[in-house]
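Shown below: structure.csv, with CSV, N, CA and C atoms.
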chain,number,residue,atom,x,y,z
A,1,MET,N,287.8,26.4,146.5
A,1,MET,CA,288.2,27.1,145.4
A,1,MET,C,288.4,26.3,144.2
A,2,SER,N,288.8,26.9,143.0
A,2,SER,CA,288.9,26.1,141.8
A,2,SER,C,290.2,25.3,141.7
A,3,LYS,N,291.0,25.4,142.8
A,3,LYS,CA,292.2,24.6,142.8
A,3,LYS,C,291.9,23.1,142.7
A,4,LYS,N,290.8,22.7,143.3
A,4,LYS,CA,290.4,21.3,143.3
A,4,LYS,C,290.1,20.7,141.9
A,5,THR,N,289.6,21.6,141.0
A,5,THR,CA,289.3,21.1,139.7
A,5,THR,C,290.5,20.9,138.8
A,6,ALA,N,291.6,21.5,139.1
A,6,ALA,CA,292.8,21.3,138.3
A,6,ALA,C,293.4,20.0,138.7
A,7,THR,N,293.9,19.2,137.6
A,7,THR,CA,294.5,18.0,137.8
A,7,THR,C,295.9,18.3,138.4
A,8,PRO,N,296.3,17.6,139.5
A,8,PRO,CA,297.7,17.9,140.0
A,8,PRO,C,298.7,17.3,139.1
A,9,HIS,N,299.9,17.9,139.2
A,9,HIS,CA,301.0,17.4,138.4
A,9,HIS,C,301.5,16.0,138.9
A,10,PRO,N,301.6,15.0,138.1
A,10,PRO,CA,302.0,13.7,138.5
A,10,PRO,C,303.5,13.6,139.0
A,11,THR,N,303.7,12.8,140.0
A,11,THR,CA,305.0,12.5,140.5
A,11,THR,C,305.7,11.6,139.4
A,12,PRO,N,307.0,11.4,139.5
A,12,PRO,CA,307.7,10.5,138.6
A,12,PRO,C,307.1,9.1,138.6
A,13,ALA,N,306.7,8.5,139.8
A,13,ALA,CA,306.1,7.2,139.8
A,13,ALA,C,304.7,7.2,139.1
A,14,GLU,N,304.0,8.3,139.3
A,14,GLU,CA,302.7,8.4,138.6
A,14,GLU,C,302.9,8.5,137.1
A,15,LEU,N,303.9,9.2,136.7
A,15,LEU,CA,304.1,9.3,135.3
A,15,LEU,C,304.5,8.0,134.7
A,16,ASP,N,305.2,7.2,135.4
A,16,ASP,CA,305.5,5.8,134.9
A,16,ASP,C,304.2,5.0,134.6
A,17,LEU,N,303.3,5.1,135.5
A,17,LEU,CA,302.0,4.4,135.4
A,17,LEU,C,301.2,5.0,134.2
A,18,LEU,N,301.2,6.4,134.1
A,18,LEU,CA,300.5,7.0,133.0
A,18,LEU,C,301.0,6.6,131.7
A,19,ARG,N,302.3,6.6,131.6
A,19,ARG,CA,303.0,6.2,130.3
A,19,ARG,C,302.6,4.7,129.9
A,20,ILE,N,302.5,3.9,130.9
A,20,ILE,CA,302.0,2.5,130.6
A,20,ILE,C,300.6,2.5,130.1
A,21,LEU,N,299.7,3.2,130.8
A,21,LEU,CA,298.3,3.2,130.4
A,21,LEU,C,298.1,3.9,129.0
A,22,TRP,N,298.9,5.0,128.7
A,22,TRP,CA,298.8,5.6,127.4
A,22,TRP,C,299.2,4.6,126.4
A,23,ARG,N,300.2,3.7,126.7
A,23,ARG,CA,300.7,2.8,125.7
A,23,ARG,C,299.8,1.6,125.5
A,24,ILE,N,299.3,1.0,126.6
A,24,ILE,CA,298.5,-0.2,126.5
A,24,ILE,C,297.0,0.0,126.5
A,25,GLY,N,296.6,1.2,126.9
A,25,GLY,CA,295.1,1.5,126.9
A,25,GLY,C,294.6,1.1,128.3
A,26,PRO,N,293.3,1.3,128.5
A,26,PRO,CA,292.6,0.9,129.8
A,26,PRO,C,293.0,-0.5,130.2
A,27,ALA,N,293.4,-0.6,131.5
A,27,ALA,CA,293.8,-1.9,132.0
A,27,ALA,C,293.6,-2.0,133.5
A,28,ASP,N,293.5,-3.3,133.9
A,28,ASP,CA,293.4,-3.5,135.3
A,28,ASP,C,294.7,-3.4,136.0
A,29,ALA,N,294.7,-3.4,137.3
A,29,ALA,CA,296.0,-3.3,138.1
A,29,ALA,C,297.0,-4.3,137.7
A,30,LYS,N,296.5,-5.6,137.5
A,30,LYS,CA,297.5,-6.7,137.2
A,30,LYS,C,298.2,-6.4,135.9
A,31,LYS,N,297.5,-6.0,134.9
A,31,LYS,CA,298.1,-5.7,133.6
A,31,LYS,C,299.1,-4.5,133.7
A,32,VAL,N,298.8,-3.5,134.5
A,32,VAL,CA,299.7,-2.4,134.7
A,32,VAL,C,300.9,-2.9,135.4
A,33,PHE,N,300.7,-3.7,136.4
A,33,PHE,CA,301.9,-4.2,137.2
A,33,PHE,C,302.8,-5.0,136.3
A,34,GLU,N,302.2,-5.9,135.4
A,34,GLU,CA,303.0,-6.7,134.5
A,34,GLU,C,303.8,-5.9,133.5
A,35,ALA,N,303.2,-4.8,133.1
A,35,ALA,CA,303.8,-3.9,132.1
A,35,ALA,C,304.9,-3.1,132.8
A,36,LEU,N,304.8,-2.9,134.1
A,36,LEU,CA,305.8,-2.1,134.8
A,36,LEU,C,307.0,-2.9,135.2
A,37,ILE,N,306.9,-4.2,135.4
A,37,ILE,CA,308.0,-5.0,135.9
A,37,ILE,C,309.3,-4.9,135.1
A,38,PRO,N,309.2,-4.9,133.8
A,38,PRO,CA,310.5,-4.8,133.0
A,38,PRO,C,311.2,-3.5,133.3
A,39,GLU,N,310.5,-2.4,133.6
A,39,GLU,CA,311.1,-1.1,133.9
A,39,GLU,C,311.5,-1.0,135.4
A,40,ARG,N,310.7,-1.6,136.3
A,40,ARG,CA,311.0,-1.5,137.7
A,40,ARG,C,310.8,-2.8,138.4
A,41,ALA,N,311.8,-3.6,138.4
A,41,ALA,CA,311.7,-5.0,139.0
A,41,ALA,C,311.4,-5.0,140.5
A,42,ASP,N,311.6,-3.8,141.2
A,42,ASP,CA,311.3,-3.8,142.6
A,42,ASP,C,309.8,-3.5,142.9
A,43,ALA,N,309.0,-3.3,141.9
A,43,ALA,CA,307.6,-2.9,142.0
A,43,ALA,C,306.8,-4.1,142.6
A,44,SER,N,305.8,-3.8,143.4
A,44,SER,CA,304.9,-4.9,143.9
A,44,SER,C,303.5,-4.6,143.4
A,45,TYR,N,302.7,-5.7,143.3
A,45,TYR,CA,301.4,-5.5,142.8
A,45,TYR,C,300.6,-4.6,143.8
A,46,ALA,N,300.8,-4.8,145.1
A,46,ALA,CA,300.0,-4.1,146.0
A,46,ALA,C,300.3,-2.6,145.9
A,47,THR,N,301.6,-2.2,145.7
A,47,THR,CA,302.0,-0.8,145.5
A,47,THR,C,301.3,-0.2,144.2
A,48,VAL,N,301.4,-1.0,143.2
A,48,VAL,CA,300.8,-0.5,141.9
A,48,VAL,C,299.3,-0.3,142.1
A,49,LEU,N,298.6,-1.2,142.7
A,49,LEU,CA,297.1,-1.1,142.9
A,49,LEU,C,296.9,0.1,143.8
A,50,ARG,N,297.6,0.3,144.8
A,50,ARG,CA,297.4,1.5,145.7
A,50,ARG,C,297.7,2.8,145.0
A,51,GLN,N,298.7,2.8,144.2
A,51,GLN,CA,299.1,4.0,143.4
A,51,GLN,C,297.9,4.3,142.4
A,52,LEU,N,297.4,3.3,141.7
A,52,LEU,CA,296.3,3.5,140.8
A,52,LEU,C,295.1,4.1,141.5
A,53,GLN,N,294.8,3.6,142.7
A,53,GLN,CA,293.7,4.1,143.5
A,53,GLN,C,293.9,5.5,143.9
A,54,LEU,N,295.1,5.8,144.3
A,54,LEU,CA,295.4,7.2,144.7
A,54,LEU,C,295.3,8.2,143.5
A,55,MET,N,295.8,7.7,142.4
A,55,MET,CA,295.7,8.5,141.2
A,55,MET,C,294.3,8.8,140.8
A,56,HIS,N,293.4,7.8,140.9
A,56,HIS,CA,292.0,7.9,140.6
A,56,HIS,C,291.4,9.0,141.6
A,57,GLY,N,291.8,8.9,142.8
A,57,GLY,CA,291.3,9.9,143.8
A,57,GLY,C,291.7,11.3,143.5
A,58,LYS,N,292.9,11.4,142.9
A,58,LYS,CA,293.4,12.8,142.6
A,58,LYS,C,292.8,13.3,141.2
A,59,GLY,N,292.1,12.4,140.5
A,59,GLY,CA,291.5,12.8,139.2
A,59,GLY,C,292.4,12.6,138.1
A,60,MET,N,293.5,11.9,138.3
A,60,MET,CA,294.5,11.6,137.2
A,60,MET,C,294.0,10.4,136.3
A,61,LEU,N,293.2,9.5,136.9
A,61,LEU,CA,292.7,8.4,136.2
A,61,LEU,C,291.2,8.3,136.3
A,62,THR,N,290.6,7.6,135.3
A,62,THR,CA,289.2,7.2,135.4
A,62,THR,C,289.2,5.8,135.8
A,63,ARG,N,288.1,5.3,136.3
A,63,ARG,CA,288.0,3.9,136.7
A,63,ARG,C,286.7,3.3,136.3
A,64,ASP,N,286.7,2.3,135.5
A,64,ASP,CA,285.4,1.6,135.1
A,64,ASP,C,285.1,0.6,136.1
A,65,GLU,N,284.1,1.0,136.9
A,65,GLU,CA,283.7,0.1,138.0
A,65,GLU,C,282.5,-0.8,137.6
A,66,SER,N,282.2,-0.8,136.4
A,66,SER,CA,281.0,-1.7,135.9
A,66,SER,C,281.5,-3.1,135.7
A,67,GLN,N,282.8,-3.4,135.8
A,67,GLN,CA,283.2,-4.8,135.6
A,67,GLN,C,284.3,-5.1,136.7
A,68,ARG,N,284.6,-6.3,136.8
A,68,ARG,CA,285.7,-6.8,137.7
A,68,ARG,C,286.7,-7.5,136.8
A,69,PRO,N,288.0,-7.3,136.9
A,69,PRO,CA,288.6,-6.3,137.7
A,69,PRO,C,288.3,-4.9,137.1
A,70,GLN,N,288.4,-3.9,137.9
A,70,GLN,CA,288.2,-2.5,137.4
A,70,GLN,C,289.3,-2.1,136.5
A,71,LEU,N,288.9,-1.3,135.4
A,71,LEU,CA,289.9,-0.9,134.5
A,71,LEU,C,290.2,0.6,134.7
A,72,TYR,N,291.5,0.9,134.7
A,72,TYR,CA,291.9,2.3,134.9
A,72,TYR,C,292.4,2.9,133.5
A,73,ALA,N,292.2,4.1,133.4
A,73,ALA,CA,292.6,4.8,132.1
A,73,ALA,C,293.0,6.3,132.5
A,74,PRO,N,293.9,6.9,131.8
A,74,PRO,CA,294.3,8.2,132.0
A,74,PRO,C,293.1,9.2,131.8
A,75,ALA,N,293.0,10.1,132.7
A,75,ALA,CA,291.9,11.1,132.6
A,75,ALA,C,292.2,12.2,131.5
A,76,GLN,N,293.5,12.3,131.2
A,76,GLN,CA,293.9,13.3,130.2
A,76,GLN,C,294.7,12.5,129.1
A,77,ALA,N,294.6,13.0,127.9
A,77,ALA,CA,295.4,12.5,126.8
A,77,ALA,C,296.9,12.9,127.1
A,78,GLN,N,297.8,12.0,126.6
A,78,GLN,CA,299.2,12.2,126.8
A,78,GLN,C,299.6,13.6,126.3
A,79,GLU,N,299.3,14.0,125.1
A,79,GLU,CA,299.7,15.3,124.6
A,79,GLU,C,299.2,16.5,125.5
A,80,LYS,N,298.0,16.4,125.9
A,80,LYS,CA,297.4,17.4,126.7
A,80,LYS,C,298.2,17.6,128.1
A,81,LEU,N,298.5,16.5,128.7
A,81,LEU,CA,299.2,16.5,130.0
A,81,LEU,C,300.7,17.0,129.7
A,82,GLN,N,301.3,16.5,128.7
A,82,GLN,CA,302.7,17.0,128.3
A,82,GLN,C,302.7,18.5,128.1
A,83,THR,N,301.7,19.0,127.4
A,83,THR,CA,301.6,20.4,127.1
A,83,THR,C,301.4,21.2,128.4
A,84,SER,N,300.6,20.7,129.3
A,84,SER,CA,300.4,21.4,130.6
A,84,SER,C,301.7,21.4,131.4
A,85,LEU,N,302.4,20.3,131.5
A,85,LEU,CA,303.6,20.2,132.2
A,85,LEU,C,304.7,21.1,131.6
A,86,LEU,N,304.7,21.1,130.3
A,86,LEU,CA,305.7,21.9,129.6
A,86,LEU,C,305.5,23.4,129.8
A,87,LYS,N,304.2,23.9,129.8
A,87,LYS,CA,303.9,25.3,130.1
A,87,LYS,C,304.3,25.6,131.5
A,88,ASP,N,304.1,24.7,132.4
A,88,ASP,CA,304.4,25.0,133.8
A,88,ASP,C,306.0,25.1,133.9
A,89,LEU,N,306.7,24.2,133.3
A,89,LEU,CA,308.1,24.2,133.3
A,89,LEU,C,308.7,25.4,132.7
A,90,ILE,N,308.2,25.8,131.6
A,90,ILE,CA,308.6,27.1,130.9
A,90,ILE,C,308.4,28.3,131.8
A,91,ALA,N,307.2,28.3,132.4
A,91,ALA,CA,306.9,29.5,133.3
A,91,ALA,C,307.8,29.5,134.5
A,92,LYS,N,308.0,28.3,135.2
A,92,LYS,CA,308.8,28.3,136.4
A,92,LYS,C,310.3,28.3,136.2
A,93,VAL,N,310.8,27.6,135.3
A,93,VAL,CA,312.2,27.4,135.1
A,93,VAL,C,312.9,28.3,134.1
A,94,PHE,N,312.1,28.7,133.1
A,94,PHE,CA,312.7,29.5,132.0
A,94,PHE,C,312.1,30.9,131.9
A,95,ALA,N,311.5,31.4,133.0
A,95,ALA,CA,310.9,32.7,133.0
A,95,ALA,C,310.0,33.0,131.9
A,96,GLY,N,309.2,31.9,131.5
A,96,GLY,CA,308.2,32.1,130.5
A,96,GLY,C,308.7,32.1,129.0
A,97,SER,N,310.0,31.8,128.9
A,97,SER,CA,310.6,31.8,127.5
A,97,SER,C,310.7,30.4,126.9
A,98,GLY,N,309.9,30.2,125.9
A,98,GLY,CA,310.0,28.9,125.2
A,98,GLY,C,311.3,28.8,124.5
A,99,LYS,N,311.8,30.0,124.0
A,99,LYS,CA,313.1,30.0,123.3
A,99,LYS,C,314.3,29.5,124.3
A,100,ALA,N,314.2,29.9,125.5
A,100,ALA,CA,315.3,29.5,126.5
A,100,ALA,C,315.2,28.0,126.7
A,101,LEU,N,314.0,27.4,126.8
A,101,LEU,CA,313.8,26.0,126.9
A,101,LEU,C,314.4,25.3,125.7
A,102,VAL,N,314.1,25.7,124.5
A,102,VAL,CA,314.5,25.0,123.3
A,102,VAL,C,316.1,25.1,123.2
A,103,LEU,N,316.6,26.3,123.5
A,103,LEU,CA,318.1,26.4,123.5
A,103,LEU,C,318.8,25.5,124.5
A,104,ALA,N,318.2,25.4,125.7
A,104,ALA,CA,318.8,24.5,126.7
A,104,ALA,C,318.7,23.1,126.2
A,105,ALA,N,317.6,22.7,125.7
A,105,ALA,CA,317.4,21.3,125.2
A,105,ALA,C,318.4,21.0,124.0
A,106,LEU,N,318.6,22.0,123.1
A,106,LEU,CA,319.4,21.8,122.0
A,106,LEU,C,320.9,21.6,122.4
A,107,ARG,N,321.3,22.4,123.4
A,107,ARG,CA,322.7,22.4,123.9
A,107,ARG,C,323.0,21.1,124.6
A,108,GLU,N,322.1,20.5,125.4
A,108,GLU,CA,322.4,19.4,126.3
A,108,GLU,C,321.7,18.1,126.0
A,109,HIS,N,320.6,18.1,125.3
A,109,HIS,CA,319.8,16.9,125.3
A,109,HIS,C,319.3,16.4,123.9
A,110,VAL,N,320.0,16.8,122.9
A,110,VAL,CA,319.6,16.5,121.5
A,110,VAL,C,320.8,15.8,120.8
A,111,SER,N,320.6,14.6,120.3
A,111,SER,CA,321.6,13.9,119.6
A,111,SER,C,321.9,14.6,118.2
A,112,ALA,N,323.0,14.3,117.6
A,112,ALA,CA,323.3,14.9,116.3
A,112,ALA,C,322.3,14.5,115.3
A,113,GLU,N,321.8,13.3,115.3
A,113,GLU,CA,320.7,12.9,114.4
A,113,GLU,C,319.5,13.7,114.6
A,114,ASP,N,319.1,13.9,115.9
A,114,ASP,CA,317.9,14.7,116.2
A,114,ASP,C,318.1,16.1,115.7
A,115,ARG,N,319.2,16.6,116.0
A,115,ARG,CA,319.5,18.0,115.6
A,115,ARG,C,319.4,18.2,114.1
A,116,SER,N,319.9,17.2,113.3
A,116,SER,CA,319.7,17.3,111.9
A,116,SER,C,318.3,17.3,111.5
A,117,GLU,N,317.5,16.5,112.1
A,117,GLU,CA,316.0,16.4,111.8
A,117,GLU,C,315.3,17.7,112.2
A,118,ILE,N,315.7,18.3,113.3
A,118,ILE,CA,315.1,19.6,113.7
A,118,ILE,C,315.5,20.7,112.7
A,119,GLU,N,316.8,20.7,112.3
A,119,GLU,CA,317.2,21.7,111.3
A,119,GLU,C,316.4,21.6,110.0
A,120,GLN,N,316.1,20.3,109.5
A,120,GLN,CA,315.4,20.1,108.3
A,120,GLN,C,313.9,20.6,108.5
A,121,ILE,N,313.4,20.4,109.7
A,121,ILE,CA,312.0,20.9,109.9
A,121,ILE,C,312.0,22.4,109.9
A,122,LEU,N,313.0,23.0,110.5
A,122,LEU,CA,313.0,24.5,110.6
A,122,LEU,C,313.2,25.1,109.2
A,123,ARG,N,314.1,24.5,108.4
A,123,ARG,CA,314.3,24.9,107.0
A,123,ARG,C,313.1,24.8,106.2
A,124,GLY,N,312.4,23.7,106.3
A,124,GLY,CA,311.2,23.5,105.6
A,124,GLY,C,310.1,24.5,105.9
A,125,LYS,N,310.0,24.8,107.2
A,125,LYS,CA,309.0,25.8,107.6
A,125,LYS,C,309.4,27.2,107.2
A,126,HIS,N,310.7,27.5,107.3
A,126,HIS,CA,311.2,28.8,106.8
A,126,HIS,C,311.0,29.0,105.3
A,127,ASP,N,311.3,27.9,104.6
A,127,ASP,CA,311.2,28.0,103.1
A,127,ASP,C,309.7,28.2,102.7
A,128,SER,N,308.8,27.6,103.4
A,128,SER,CA,307.4,27.7,103.1
A,128,SER,C,306.8,29.1,103.4
A,129,GLU,N,307.5,29.8,104.4
A,129,GLU,CA,307.0,31.1,104.8
A,129,GLU,C,307.5,32.2,103.8
A,130,SER,N,308.5,31.9,103.0
A,130,SER,CA,309.1,32.9,102.1
A,130,SER,C,308.2,33.2,100.9
So, in terms of structure tokens, how does the structure I just supplied come out?
Amino acid sequence: MSKKTATPHPTPAELDLLRILWRIGPADAKKVFEALIPERADASYATVLRQLQLMHGKGMLTRDESQRPQLYAPAQAQEKLQTSLLKDLIAKVFAGSGKALVLAALREHVSAEDRSEIEQILRGKHDSES
């Protein structure tokens, strides 16, 4: 069926590696491992390499096999994957309501500084619609 064509949602560990690759660009397993160490001192090179290989098998990463060492890169742009995960979260957790998601985020996860910036953005948009 078409389920195989859809990219699976990444696990937290897979998201860590995707974030690194989005930040540093295509890289071999050693560079990904070195970038991960400051965040996860318990990581091992062998585990990172295996995770990259599994993610490639799942379609989350592309792999340039024309050179050694092989370079891995995200199969999807960061914004595209974030949008997909957000749509899924809104559908599953907030009964399809983007408003409910935003209100929950504003109540619990936004600093006063961020809230002020959000208010300015909303006022600017509101003013331009008038």
| message | Can you measure CA of His9 in chain A to atom N of Glu108 in chain A for me? One decimal in Å is fine. | response | 25.0 Å
| Between CA of Glu34 in chain A and atom N of Pro74 in chain A, distance in Å (one decimal) |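 Computing it gives 16.6 Å between the two atoms.
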| message | Please return, as an MDAnalysis selection string, all residues of range 3-59 of chain A that DSSP assigns to alpha helix (DSSP H) on the basis of the backbone. | response | chainID A and resid 12:24 29:36 45:58
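Of note, CA of Pro12 in chain A and CA of Tyr45 in chain A are spaced 17.7 Å apart.
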| So which residues of chain A fall under strand (DSSP E) by DSSP, listed as a ChimeraX atom specification? | /A:61-64,71-74
| said: Using only C-alpha atoms for the distances, tell me which of A:Lys31, A:Arg19, A:His109, A:Lys87 is nearest to Pro69 in chain A. | reply: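 Selected residue with least distance to Pro69 in chain A: A:Lys31.
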| said: Restricting the calculation to only C-alpha atoms: of A:Ile121, A:Ala95, A:Ala73, A:Leu89, which residue gets closest to Met55 in chain A? | reply: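 Closest to Met55 in chain A, using only C-alpha atoms: A:Ala73.
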| message | Could you check the closest approach to Gly59 in chain A for each of A:Leu86, A:Pro10, A:Phe33, A:Ala91 and tell me which residue wins, using only C-alpha atoms? | response | A:Pro10
| request: Point out the residue among A:Glu79, A:Glu39, A:Asp28, A:Glu14 with the least atom-to-atom distance to Gln51 in chain A, counting only N, CA and C atoms. | output: A:Glu14
All heavy atoms modelled onto range 81-92 of chain A, as a PDB file, keeping the file's coordinate frame:
ATOM      1  N   LEU A  81     298.500  16.500 128.700  1.00  0.00           N
ATOM      2  CA  LEU A  81     299.200  16.500 130.000  1.00  0.00           C
ATOM      3  C   LEU A  81     300.700  17.000 129.700  1.00  0.00           C
ATOM      4  O   LEU A  81     301.184  17.869 130.453  1.00  0.00           O
ATOM      5  CB  LEU A  81     299.271  15.185 130.681  1.00  0.00           C
ATOM      6  CG  LEU A  81     300.034  15.178 132.010  1.00  0.00           C
ATOM      7  CD1 LEU A  81     299.416  16.153 133.017  1.00  0.00           C
ATOM      8  CD2 LEU A  81     300.100  13.783 132.589  1.00  0.00           C
ATOM      9  N   GLN A  82     301.300  16.500 128.700  1.00  0.00           N
ATOM     10  CA  GLN A  82     302.700  17.000 128.300  1.00  0.00           C
ATOM     11  C   GLN A  82     302.700  18.500 128.100  1.00  0.00           C
ATOM     12  O   GLN A  82     303.571  19.191 128.552  1.00  0.00           O
ATOM     13  CB  GLN A  82     303.181  16.249 127.102  1.00  0.00           C
ATOM     14  CG  GLN A  82     303.534  14.813 127.377  1.00  0.00           C
ATOM     15  CD  GLN A  82     303.868  14.033 126.116  1.00  0.00           C
ATOM     16  OE1 GLN A  82     303.434  14.367 125.020  1.00  0.00           O
ATOM     17  NE2 GLN A  82     304.631  12.971 126.281  1.00  0.00           N
ATOM     18  N   THR A  83     301.700  19.000 127.400  1.00  0.00           N
ATOM     19  CA  THR A  83     301.600  20.400 127.100  1.00  0.00           C
ATOM     20  C   THR A  83     301.400  21.200 128.400  1.00  0.00           C
ATOM     21  O   THR A  83     302.104  22.249 128.595  1.00  0.00           O
ATOM     22  CB  THR A  83     300.437  20.751 126.134  1.00  0.00           C
ATOM     23  OG1 THR A  83     300.683  20.059 124.896  1.00  0.00           O
ATOM     24  CG2 THR A  83     300.296  22.230 125.863  1.00  0.00           C
ATOM     25  N   SER A  84     300.600  20.700 129.300  1.00  0.00           N
ATOM     26  CA  SER A  84     300.400  21.400 130.600  1.00  0.00           C
ATOM     27  C   SER A  84     301.700  21.400 131.400  1.00  0.00           C
ATOM     28  O   SER A  84     302.038  22.456 131.960  1.00  0.00           O
ATOM     29  CB  SER A  84     299.263  20.689 131.325  1.00  0.00           C
ATOM     30  OG  SER A  84     299.154  21.174 132.631  1.00  0.00           O
ATOM     31  N   LEU A  85     302.400  20.300 131.500  1.00  0.00           N
ATOM     32  CA  LEU A  85     303.600  20.200 132.200  1.00  0.00           C
ATOM     33  C   LEU A  85     304.700  21.100 131.600  1.00  0.00           C
ATOM     34  O   LEU A  85     305.447  21.731 132.326  1.00  0.00           O
ATOM     35  CB  LEU A  85     304.083  18.752 132.319  1.00  0.00           C
ATOM     36  CG  LEU A  85     303.217  17.800 133.137  1.00  0.00           C
ATOM     37  CD1 LEU A  85     303.730  16.372 133.004  1.00  0.00           C
ATOM     38  CD2 LEU A  85     303.157  18.232 134.585  1.00  0.00           C
ATOM     39  N   LEU A  86     304.700  21.100 130.300  1.00  0.00           N
ATOM     40  CA  LEU A  86     305.700  21.900 129.600  1.00  0.00           C
ATOM     41  C   LEU A  86     305.500  23.400 129.800  1.00  0.00           C
ATOM     42  O   LEU A  86     306.403  24.181 130.102  1.00  0.00           O
ATOM     43  CB  LEU A  86     305.697  21.631 128.092  1.00  0.00           C
ATOM     44  CG  LEU A  86     306.811  22.247 127.266  1.00  0.00           C
ATOM     45  CD1 LEU A  86     308.170  21.817 127.783  1.00  0.00           C
ATOM     46  CD2 LEU A  86     306.656  21.829 125.814  1.00  0.00           C
ATOM     47  N   LYS A  87     304.200  23.900 129.800  1.00  0.00           N
ATOM     48  CA  LYS A  87     303.900  25.300 130.100  1.00  0.00           C
ATOM     49  C   LYS A  87     304.300  25.600 131.500  1.00  0.00           C
ATOM     50  O   LYS A  87     304.878  26.708 131.691  1.00  0.00           O
ATOM     51  CB  LYS A  87     302.377  25.505 129.908  1.00  0.00           C
ATOM     52  CG  LYS A  87     301.910  25.618 128.493  1.00  0.00           C
ATOM     53  CD  LYS A  87     300.412  25.891 128.440  1.00  0.00           C
ATOM     54  CE  LYS A  87     299.904  25.945 127.027  1.00  0.00           C
ATOM     55  NZ  LYS A  87     298.450  26.143 126.970  1.00  0.00           N
ATOM     56  N   ASP A  88     304.100  24.700 132.400  1.00  0.00           N
ATOM     57  CA  ASP A  88     304.400  25.000 133.800  1.00  0.00           C
ATOM     58  C   ASP A  88     306.000  25.100 133.900  1.00  0.00           C
ATOM     59  O   ASP A  88     306.500  25.964 134.603  1.00  0.00           O
ATOM     60  CB  ASP A  88     303.873  23.904 134.706  1.00  0.00           C
ATOM     61  CG  ASP A  88     303.989  24.242 136.171  1.00  0.00           C
ATOM     62  OD1 ASP A  88     303.615  25.371 136.558  1.00  0.00           O
ATOM     63  OD2 ASP A  88     304.454  23.384 136.944  1.00  0.00           O
ATOM     64  N   LEU A  89     306.700  24.200 133.300  1.00  0.00           N
ATOM     65  CA  LEU A  89     308.100  24.200 133.300  1.00  0.00           C
ATOM     66  C   LEU A  89     308.700  25.400 132.700  1.00  0.00           C
ATOM     67  O   LEU A  89     309.593  26.070 133.277  1.00  0.00           O
ATOM     68  CB  LEU A  89     308.677  22.940 132.547  1.00  0.00           C
ATOM     69  CG  LEU A  89     310.193  22.833 132.449  1.00  0.00           C
ATOM     70  CD1 LEU A  89     310.793  22.505 133.805  1.00  0.00           C
ATOM     71  CD2 LEU A  89     310.583  21.777 131.426  1.00  0.00           C
ATOM     72  N   ILE A  90     308.200  25.800 131.600  1.00  0.00           N
ATOM     73  CA  ILE A  90     308.600  27.100 130.900  1.00  0.00           C
ATOM     74  C   ILE A  90     308.400  28.300 131.800  1.00  0.00           C
ATOM     75  O   ILE A  90     309.297  29.117 131.987  1.00  0.00           O
ATOM     76  CB  ILE A  90     307.955  27.272 129.535  1.00  0.00           C
ATOM     77  CG1 ILE A  90     308.456  26.213 128.548  1.00  0.00           C
ATOM     78  CG2 ILE A  90     308.205  28.670 128.986  1.00  0.00           C
ATOM     79  CD1 ILE A  90     307.642  26.151 127.256  1.00  0.00           C
ATOM     80  N   ALA A  91     307.200  28.300 132.400  1.00  0.00           N
ATOM     81  CA  ALA A  91     306.900  29.500 133.300  1.00  0.00           C
ATOM     82  C   ALA A  91     307.800  29.500 134.500  1.00  0.00           C
ATOM     83  O   ALA A  91     308.380  30.549 134.900  1.00  0.00           O
ATOM     84  CB  ALA A  91     305.470  29.404 133.752  1.00  0.00           C
ATOM     85  N   LYS A  92     308.000  28.300 135.200  1.00  0.00           N
ATOM     86  CA  LYS A  92     308.800  28.300 136.400  1.00  0.00           C
ATOM     87  C   LYS A  92     310.300  28.300 136.200  1.00  0.00           C
ATOM     88  O   LYS A  92     311.014  28.933 137.024  1.00  0.00           O
ATOM     89  CB  LYS A  92     308.393  27.051 137.222  1.00  0.00           C
ATOM     90  CG  LYS A  92     306.993  27.128 137.779  1.00  0.00           C
ATOM     91  CD  LYS A  92     306.662  25.865 138.543  1.00  0.00           C
ATOM     92  CE  LYS A  92     305.266  25.949 139.136  1.00  0.00           C
ATOM     93  NZ  LYS A  92     304.899  24.703 139.815  1.00  0.00           N
TER      94      LYS A  92
END
